[in-house]
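For reference, run_38.pdb is printed below; it contains PDB, C-alpha atoms and all ligand atoms.
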```
ATOM      1  CA  MET A  16    -135.766  -3.478 -25.741
ATOM      2  CA  ILE A  17    -133.697  -5.501 -28.198
ATOM      3  CA  ASP A  18    -130.819  -4.044 -30.165
ATOM      4  CA  ILE A  19    -130.033  -6.146 -33.224
ATOM      5  CA  HIS A  20    -127.096  -4.169 -34.591
ATOM      6  CA  SER A  21    -124.198  -3.192 -32.339
ATOM      7  CA  HIS A  22    -120.408  -3.250 -32.636
ATOM      8  CA  ILE A  23    -119.859  -4.397 -29.094
ATOM      9  CA  ILE A  24    -117.076  -6.956 -29.506
ATOM     10  CA  HIS A  25    -113.617  -5.549 -28.770
ATOM     11  CA  GLY A  26    -110.696  -5.682 -31.148
ATOM     12  CA  VAL A  27    -112.411  -7.035 -34.259
ATOM     13  CA  ASP A  28    -113.573  -4.006 -36.266
ATOM     14  CA  ASP A  29    -114.063  -0.259 -35.825
ATOM     15  CA  GLY A  30    -115.945  -0.817 -32.541
ATOM     16  CA  PRO A  31    -114.270  -0.851 -29.095
ATOM     17  CA  SER A  32    -110.548  -1.508 -29.090
ATOM     18  CA  ASN A  33    -110.528  -3.187 -25.665
ATOM     19  CA  ILE A  34    -112.762  -5.242 -23.390
ATOM     20  CA  THR A  35    -113.164  -2.368 -20.902
ATOM     21  CA  GLU A  36    -115.009  -0.284 -23.512
ATOM     22  CA  SER A  37    -117.078  -3.323 -24.558
ATOM     23  CA  LEU A  38    -118.210  -3.740 -20.949
ATOM     24  CA  ARG A  39    -118.972  -0.015 -20.743
ATOM     25  CA  MET A  40    -121.252  -0.449 -23.760
ATOM     26  CA  ILE A  41    -123.071  -3.338 -22.106
ATOM     27  CA  LYS A  42    -123.474  -1.336 -18.898
ATOM     28  CA  GLU A  43    -124.931   1.575 -20.889
ATOM     29  CA  ALA A  44    -127.263  -0.746 -22.817
ATOM     30  CA  GLU A  45    -128.488  -2.196 -19.517
ATOM     31  CA  ARG A  46    -129.091   1.322 -18.130
ATOM     32  CA  LEU A  47    -131.208   2.160 -21.200
ATOM     33  CA  GLY A  48    -133.407  -0.889 -20.705
ATOM     34  CA  ILE A  49    -131.962  -3.003 -23.506
ATOM     35  CA  GLY A  50    -132.278  -6.635 -22.418
ATOM     36  CA  THR A  51    -130.704  -8.200 -25.497
ATOM     37  CA  VAL A  52    -127.855  -6.943 -27.653
ATOM     38  CA  VAL A  53    -126.904  -8.657 -30.873
ATOM     39  CA  ALA A  54    -123.211  -8.164 -31.499
ATOM     40  CA  SER A  55    -122.791  -7.601 -35.223
ATOM     41  CA  PRO A  56    -119.144  -7.028 -36.164
ATOM     42  CA  HIS A  57    -118.382  -6.124 -39.760
ATOM     43  CA  TYR A  58    -117.755  -9.055 -42.044
ATOM     44  CA  GLN A  59    -115.903  -8.277 -45.197
ATOM     45  CA  GLU A  60    -114.068 -11.093 -46.882
ATOM     46  CA  SER A  61    -110.289 -10.987 -46.341
ATOM     47  CA  VAL A  62    -110.524  -8.073 -43.879
ATOM     48  CA  PHE A  63    -111.822  -9.530 -40.622
ATOM     49  CA  SER A  64    -111.090 -12.895 -39.064
ATOM     50  CA  LEU A  65    -114.084 -14.996 -38.026
ATOM     51  CA  ASP A  66    -111.891 -16.960 -35.592
ATOM     52  CA  ARG A  67    -110.873 -13.782 -33.785
ATOM     53  CA  VAL A  68    -114.531 -12.751 -33.533
ATOM     54  CA  ASP A  69    -115.411 -16.098 -31.933
ATOM     55  CA  GLU A  70    -112.553 -15.825 -29.409
ATOM     56  CA  ASN A  71    -113.322 -12.256 -28.362
ATOM     57  CA  PHE A  72    -117.049 -12.932 -28.244
ATOM     58  CA  GLN A  73    -116.451 -15.795 -25.790
ATOM     59  CA  GLU A  74    -114.243 -13.548 -23.647
ATOM     60  CA  LEU A  75    -116.962 -10.872 -23.648
ATOM     61  CA  LEU A  76    -119.670 -13.361 -22.667
ATOM     62  CA  TYR A  77    -117.526 -14.546 -19.752
ATOM     63  CA  LYS A  78    -116.738 -11.058 -18.455
ATOM     64  CA  ALA A  79    -120.255  -9.667 -18.951
ATOM     65  CA  GLN A  80    -121.989 -12.284 -16.806
ATOM     66  CA  ASP A  81    -122.863  -9.772 -14.074
ATOM     67  CA  TYR A  82    -124.925  -7.621 -16.431
ATOM     68  CA  ASP A  83    -128.574  -8.327 -17.088
ATOM     69  CA  VAL A  84    -128.077  -8.260 -20.844
ATOM     70  CA  THR A  85    -128.201 -11.251 -23.175
ATOM     71  CA  ILE A  86    -125.614 -11.065 -25.940
ATOM     72  CA  ASN A  87    -125.970 -12.853 -29.265
ATOM     73  CA  LEU A  88    -123.532 -13.067 -32.123
ATOM     74  CA  TRP A  89    -124.327 -12.036 -35.669
ATOM     75  CA  TYR A  90    -122.435 -10.188 -38.406
ATOM     76  CA  GLU A  91    -122.934  -7.086 -40.498
ATOM     77  CA  VAL A  92    -122.057  -8.521 -43.860
ATOM     78  CA  PHE A  93    -120.761  -6.297 -46.640
ATOM     79  CA  ALA A  94    -122.973  -7.181 -49.615
ATOM     80  CA  ASN A  95    -120.468  -7.987 -52.306
ATOM     81  CA  PRO A  96    -122.355  -9.639 -55.214
ATOM     82  CA  ASN A  97    -119.067 -11.051 -56.543
ATOM     83  CA  SER A  98    -118.072 -12.897 -53.379
ATOM     84  CA  PRO A  99    -118.605 -16.681 -53.493
ATOM     85  CA  ALA A 100    -117.572 -16.823 -49.811
ATOM     86  CA  LEU A 101    -120.801 -15.112 -48.759
ATOM     87  CA  MET A 102    -122.958 -17.987 -49.889
ATOM     88  CA  ARG A 103    -120.439 -20.562 -48.678
ATOM     89  CA  ASN A 104    -120.396 -19.027 -45.157
ATOM     90  CA  ARG A 105    -124.118 -18.279 -45.069
ATOM     91  CA  LYS A 106    -124.903 -20.440 -42.044
ATOM     92  CA  LYS A 107    -122.063 -19.027 -39.997
ATOM     93  CA  LEU A 108    -123.000 -15.452 -40.947
ATOM     94  CA  SER A 109    -126.713 -15.690 -40.236
ATOM     95  CA  LEU A 110    -128.119 -14.779 -36.844
ATOM     96  CA  ASN A 111    -128.047 -17.761 -34.504
ATOM     97  CA  ARG A 112    -128.814 -19.710 -37.631
ATOM     98  CA  THR A 113    -132.357 -18.323 -37.559
ATOM     99  CA  GLY A 114    -132.537 -17.728 -41.280
ATOM    100  CA  THR A 115    -131.743 -14.024 -41.402
ATOM    101  CA  ILE A 116    -128.609 -12.207 -42.510
ATOM    102  CA  LEU A 117    -127.717  -8.541 -41.912
ATOM    103  CA  PHE A 118    -126.382  -6.885 -45.075
ATOM    104  CA  GLU A 119    -124.794  -3.489 -45.431
ATOM    105  CA  PHE A 120    -124.583  -1.838 -48.847
ATOM    106  CA  PRO A 121    -122.056   0.738 -50.026
ATOM    107  CA  PHE A 122    -123.362   4.203 -49.064
ATOM    108  CA  ASN A 123    -122.716   5.974 -52.341
ATOM    109  CA  ALA A 124    -122.932   3.323 -55.046
ATOM    110  CA  GLN A 125    -126.189   2.225 -56.620
ATOM    111  CA  PRO A 126    -126.986  -1.148 -55.108
ATOM    112  CA  GLN A 127    -129.058  -2.667 -57.930
ATOM    113  CA  LYS A 128    -126.502  -5.443 -58.368
ATOM    114  CA  CYS A 129    -127.285  -6.534 -54.829
ATOM    115  CA  VAL A 130    -130.899  -7.338 -55.728
ATOM    116  CA  GLU A 131    -129.740 -10.544 -57.412
ATOM    117  CA  LEU A 132    -127.634 -11.398 -54.356
ATOM    118  CA  VAL A 133    -130.656 -10.878 -52.123
ATOM    119  CA  TRP A 134    -132.734 -13.222 -54.249
ATOM    120  CA  LYS A 135    -130.004 -15.890 -54.070
ATOM    121  CA  PHE A 136    -130.246 -15.794 -50.283
ATOM    122  CA  ARG A 137    -134.041 -15.860 -50.388
ATOM    123  CA  MET A 138    -133.820 -19.005 -52.530
ATOM    124  CA  GLN A 139    -131.776 -20.544 -49.698
ATOM    125  CA  LYS A 140    -134.534 -19.618 -47.196
ATOM    126  CA  ILE A 141    -132.434 -16.850 -45.680
ATOM    127  CA  THR A 142    -134.096 -13.451 -45.299
ATOM    128  CA  PRO A 143    -131.757 -10.467 -45.722
ATOM    129  CA  ILE A 144    -132.151  -7.531 -43.371
ATOM    130  CA  ILE A 145    -130.749  -4.366 -44.922
ATOM    131  CA  ALA A 146    -128.827  -2.247 -42.404
ATOM    132  CA  HIS A 147    -129.259   1.542 -42.273
ATOM    133  CA  VAL A 148    -131.059   1.875 -45.618
ATOM    134  CA  GLU A 149    -131.763   5.535 -44.855
ATOM    135  CA  ARG A 150    -128.077   6.408 -45.289
ATOM    136  CA  ASN A 151    -127.874   5.096 -48.840
ATOM    137  CA  ARG A 152    -127.798   8.030 -51.271
ATOM    138  CA  ALA A 153    -129.280   6.032 -54.154
ATOM    139  CA  PHE A 154    -132.294   5.093 -52.020
ATOM    140  CA  ILE A 155    -132.797   8.694 -50.904
ATOM    141  CA  ASN A 156    -132.697   9.994 -54.463
ATOM    142  CA  LYS A 157    -134.752   7.258 -56.069
ATOM    143  CA  ILE A 158    -137.190   5.327 -53.883
ATOM    144  CA  GLU A 159    -137.695   2.714 -56.632
ATOM    145  CA  TYR A 160    -134.214   1.342 -55.878
ATOM    146  CA  PHE A 161    -135.299   0.829 -52.288
ATOM    147  CA  VAL A 162    -138.652  -0.684 -53.269
ATOM    148  CA  ALA A 163    -136.833  -3.359 -55.325
ATOM    149  CA  PHE A 164    -135.422  -4.719 -52.048
ATOM    150  CA  ILE A 165    -138.785  -4.567 -50.321
ATOM    151  CA  LYS A 166    -140.256  -6.537 -53.227
ATOM    152  CA  ALA A 167    -137.431  -9.049 -52.908
ATOM    153  CA  GLY A 168    -138.593  -9.754 -49.362
ATOM    154  CA  CYS A 169    -135.931  -7.929 -47.369
ATOM    155  CA  LEU A 170    -136.489  -6.646 -43.873
ATOM    156  CA  ILE A 171    -135.388  -3.119 -43.110
ATOM    157  CA  GLN A 172    -133.275  -1.684 -40.274
ATOM    158  CA  VAL A 173    -132.721   2.010 -39.549
ATOM    159  CA  ASP A 174    -130.030   3.500 -37.266
ATOM    160  CA  ALA A 175    -130.934   5.398 -34.083
ATOM    161  CA  ALA A 176    -128.375   8.073 -35.007
ATOM    162  CA  SER A 177    -130.182   8.805 -38.290
ATOM    163  CA  ILE A 178    -133.463   9.285 -36.449
ATOM    164  CA  VAL A 179    -132.009  11.942 -34.157
ATOM    165  CA  GLY A 180    -130.323  13.820 -37.015
ATOM    166  CA  VAL A 181    -126.660  12.885 -36.532
ATOM    167  CA  TYR A 182    -126.226  12.451 -40.313
ATOM    168  CA  GLY A 183    -128.144  15.604 -41.212
ATOM    169  CA  PRO A 184    -131.736  16.684 -41.876
ATOM    170  CA  LYS A 185    -132.092  14.870 -45.215
ATOM    171  CA  ILE A 186    -131.337  11.459 -43.709
ATOM    172  CA  LYS A 187    -133.517  12.231 -40.674
ATOM    173  CA  GLU A 188    -136.423  13.174 -42.962
ATOM    174  CA  PHE A 189    -135.973  10.027 -45.063
ATOM    175  CA  SER A 190    -135.918   7.926 -41.873
ATOM    176  CA  LYS A 191    -139.146   9.550 -40.734
ATOM    177  CA  LYS A 192    -140.780   8.939 -44.105
ATOM    178  CA  LEU A 193    -139.802   5.247 -44.073
ATOM    179  CA  VAL A 194    -140.997   4.795 -40.492
ATOM    180  CA  GLN A 195    -144.323   6.525 -41.170
ATOM    181  CA  MET A 196    -144.891   4.445 -44.318
ATOM    182  CA  LYS A 197    -144.270   1.303 -42.243
ATOM    183  CA  PHE A 198    -141.290   0.218 -44.309
ATOM    184  CA  VAL A 199    -139.053  -0.134 -41.276
ATOM    185  CA  ASP A 200    -138.928  -3.350 -39.269
ATOM    186  CA  MET A 201    -136.301  -2.435 -36.690
ATOM    187  CA  VAL A 202    -134.439   0.494 -35.244
ATOM    188  CA  ALA A 203    -131.005  -0.469 -33.906
ATOM    189  CA  SER A 204    -128.173   1.409 -32.233
ATOM    190  CA  ASN A 205    -125.341   0.502 -34.633
ATOM    191  CA  ALA A 206    -123.328   1.647 -31.605
ATOM    192  CA  HIS A 207    -119.542   1.629 -31.794
ATOM    193  CA  SER A 208    -119.018   3.016 -28.268
ATOM    194  CA  ALA A 209    -120.867   3.545 -24.980
ATOM    195  CA  MET A 210    -121.353   7.199 -25.936
ATOM    196  CA  ASP A 211    -123.258   6.167 -29.065
ATOM    197  CA  TYR A 212    -125.798   4.437 -26.836
ATOM    198  CA  ALA A 213    -125.955   7.314 -24.355
ATOM    199  CA  ASN A 214    -126.319  10.029 -26.994
ATOM    200  CA  TRP A 215    -128.820   8.587 -29.431
ATOM    201  CA  TYR A 216    -130.826   5.554 -28.379
ATOM    202  CA  SER A 217    -133.433   7.000 -25.974
ATOM    203  CA  GLU A 218    -133.920  10.094 -28.100
ATOM    204  CA  ALA A 219    -134.496   7.918 -31.156
ATOM    205  CA  TYR A 220    -137.178   6.002 -29.257
ATOM    206  CA  LYS A 221    -138.879   9.272 -28.295
ATOM    207  CA  ASN A 222    -138.810  10.534 -31.894
ATOM    208  CA  VAL A 223    -140.271   7.308 -33.278
ATOM    209  CA  SER A 224    -142.985   7.342 -30.580
ATOM    210  CA  ASN A 225    -143.872  10.895 -31.605
ATOM    211  CA  TRP A 226    -143.927   9.976 -35.291
ATOM    212  CA  VAL A 227    -146.011   6.794 -35.143
ATOM    213  CA  GLY A 228    -147.103   6.223 -31.527
ATOM    214  CA  LYS A 229    -145.836   3.979 -28.760
ATOM    215  CA  GLU A 230    -147.344   0.784 -30.116
ATOM    216  CA  ASP A 231    -145.432   0.960 -33.407
ATOM    217  CA  ALA A 232    -142.305   2.141 -31.592
ATOM    218  CA  GLY A 233    -142.565  -1.048 -29.526
ATOM    219  CA  LEU A 234    -142.574  -3.088 -32.730
ATOM    220  CA  LEU A 235    -139.471  -1.342 -34.047
ATOM    221  CA  PHE A 236    -137.449  -1.371 -30.841
ATOM    222  CA  HIS A 237    -138.511  -4.750 -29.470
ATOM    223  CA  THR A 238    -141.168  -7.055 -30.891
ATOM    224  CA  ASN A 239    -139.956  -7.486 -34.478
ATOM    225  CA  ALA A 240    -136.425  -8.182 -33.253
ATOM    226  CA  LYS A 241    -137.797 -10.676 -30.727
ATOM    227  CA  ASN A 242    -139.598 -12.526 -33.524
ATOM    228  CA  ILE A 243    -136.403 -12.672 -35.544
ATOM    229  CA  LEU A 244    -134.396 -14.018 -32.620
ATOM    230  CA  GLU A 245    -137.010 -16.704 -32.165
ATOM    231  CA  GLY A 246    -136.701 -17.663 -35.838
ATOM    232  CA  ILE A 247    -138.925 -16.191 -38.525
ATOM    233  CA  ASN A 248    -141.034 -17.836 -41.136
ATOM    234  CA  ASN A 249    -139.091 -17.072 -44.268
ATOM    235  CA  ASP A 250    -142.189 -17.190 -46.424
ATOM    236  CA  ASP A 251    -143.848 -14.411 -44.467
ATOM    237  CA  PRO A 252    -141.701 -11.306 -45.120
ATOM    238  CA  VAL A 253    -142.251 -11.436 -48.883
ATOM    239  CA  HIS A 254    -146.021 -11.222 -48.643
ATOM    240  CA  ARG A 255    -145.927  -8.661 -45.863
ATOM    241  CA  ASN A 256    -143.564  -6.372 -47.703
ATOM    242  CA  ILE A 257    -145.341  -6.625 -51.022
ATOM    243  CA  LEU A 258    -148.541  -5.581 -49.298
ATOM    244  CA  ARG A 259    -146.698  -2.590 -47.915
ATOM    245  CA  TRP A 260    -145.388  -1.727 -51.340
ATOM    246  CA  GLU A 261    -148.886  -1.936 -52.834
ATOM    247  CA  ARG A 262    -150.102   0.457 -50.166
ATOM    248  CA  MET A 263    -147.432   2.922 -51.152
ATOM    249  CA  VAL A 264    -147.979   3.152 -54.922
TER     250      VAL A 264
HETATM  251 FE    FE A 301    -122.791  -1.346 -38.227
END
```
What would the structure in this file look like if it were written as structure tokens?
Ligand SMILES: [Fe+2]
Amino acid sequence: MIDIHSHIIHGVDDGPSNITESLRMIKEAERLGIGTVVASPHYQESVFSLDRVDENFQELLYKAQDYDVTINLWYEVFANPNSPALMRNRKKLSLNRTGTILFEFPFNAQPQKCVELVWKFRMQKITPIIAHVERNRAFINKIEYFVAFIKAGCLIQVDAASIVGVYGPKIKEFSKKLVQMKFVDMVASNAHSAMDYANWYSEAYKNVSNWVGKEDAGLLFHTNAKNILEGINNDDPVHRNILRWERMV
């Protein structure tokens, strides 16, 4: 399996505070059958240092050599439509420079202003992946807000914790609905500790398999992420997602 969203780098955000816990997370990921973890520390302008992330990531790579887990570096970028630094740093912030960027939106605010931001990145041939859409209250209450991002060509990631009900029945139900309607491209751990992996990941896989079958679960936990890591065709997601949207209405 491939986990494209994990706070596995120590000392850079609200993930592990030391390298020992980072290594525990990698050990747990390996035990669960995750062959590739994409480290995605939070990026919010003026809050986190990119240099520190690079340093700690290199230390982690060196100390994790004995584990059979490949670790890539990405970021979970706070989607601030007013930040010129986002566009300026776009190459650094995109996954292995593959042409995708992982955005997180504010949970409670209406994210319509981010639609324009998403289109700006699409114009630069960078496909935004929206992290944990199922936890956004505006999307839950009004699916049209969510559909605007699908129409803009975004890919969609859902958290394992949401799928097992950690954030309550409403978010679990919304996750199920999105998965069953084939709006979800990837399920990721969004793990901040080894316990997050241990408590939620396998159960989330079982739930998704029950909801849509093992073949689709394989897409969400492995194949789609593999395609992204190999570099996606940035013209493809738009057409694919619009077709999905047409199926829905
Ligand atoms: Fe995250």
Applying the PyMOL selection byres (((not hetatm)) within 9 of (chain A and resi 301)) to the file I just gave you, which residues come out? Please list them as a tab-separated table (two decimals) with C-alpha atoms, in the coordinates of the input.
```tsv
chain	number	residue	atom	x	y	z
A	20	HIS	CA	-127.10	-4.17	-34.59
A	21	SER	CA	-124.20	-3.19	-32.34
A	22	HIS	CA	-120.41	-3.25	-32.64
A	30	GLY	CA	-115.94	-0.82	-32.54
A	55	SER	CA	-122.79	-7.60	-35.22
A	56	PRO	CA	-119.14	-7.03	-36.16
A	57	HIS	CA	-118.38	-6.12	-39.76
A	90	TYR	CA	-122.44	-10.19	-38.41
A	91	GLU	CA	-122.93	-7.09	-40.50
A	119	GLU	CA	-124.79	-3.49	-45.43
A	146	ALA	CA	-128.83	-2.25	-42.40
A	147	HIS	CA	-129.26	1.54	-42.27
A	174	ASP	CA	-130.03	3.50	-37.27
A	204	SER	CA	-128.17	1.41	-32.23
A	205	ASN	CA	-125.34	0.50	-34.63
A	206	ALA	CA	-123.33	1.65	-31.60
A	207	HIS	CA	-119.54	1.63	-31.79
```
Which residues come within 7 Å of A:Thr85, counting only C-alpha atoms, excluding same-chain residues fewer than 2 positions away, as a PyMOL selection string? chain A and resi 50-52+83+87
Please identify all polymer residues within 12 Å of A:Ala209, counting all atoms listed in the file, omitting same-chain residues fewer than 5 positions from it, and present them as a ChimeraX atom specification. /A:21-23,30-31,35-47,204,214-216
Min atom-atom distance to A:Pro121 from the set A:Val92, A:Ile171, A:Val133, A:Ile243, counting only C-alpha atoms, belongs to A:Val92
From the list A:Lys128, A:Lys140, A:Arg152, A:Lys191, which residue is nearest A:Trp226 when using all atoms listed in the file?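 Among A:Lys128, A:Lys140, A:Arg152, A:Lys191, it is A:Lys191 that comes nearest to A:Trp226.
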Tell me which of A:Thr238, A:Gln172, A:Asn95, A:Thr115 sits closest to A:Val130, counting all atoms listed in the file. A:Asn95
Could you check the closest approach to A:Leu244 for each of A:Lys78, A:Asp18, A:Asn97, A:Leu110 and tell me which residue wins, using all atoms listed in the file? A:Leu110
Point-to-point distance from atom CA of A:Ile178 to atom CA of A:Leu108, Å rounded to tenths: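 We find that atom CA of A:Ile178 and atom CA of A:Leu108 lie 27.2 Å from each other.
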Could you spell out the hits of the PyMOL selection byres (((chain A and resi 154) around 12) and not hetatm) on the shown file, as a ChimeraX atom specification? /A:120-127,145,147-153,155-165,185-186,189-190,193
Mind pulling up the distance from atom CA of A:Ile144 to atom CA of A:Leu132?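 Atom-to-atom, atom CA of A:Leu132 to atom CA of A:Ile144, that is 12.5 Å.
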Starting from the PyMOL selection byres (((chain A and resi 179) around 9) and not hetatm), expand the selection into actual residues of this file and give them as a list of chain:residue names.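 For this structure, the PyMOL selection byres (((chain A and resi 179) around 9) and not hetatm) captures A:Ala175, A:Ala176, A:Ser177, A:Ile178, A:Gly180, A:Val181, A:Tyr182, A:Gly183, A:Lys187, A:Trp215, A:Tyr216, A:Glu218, A:Ala219, A:Asn222.
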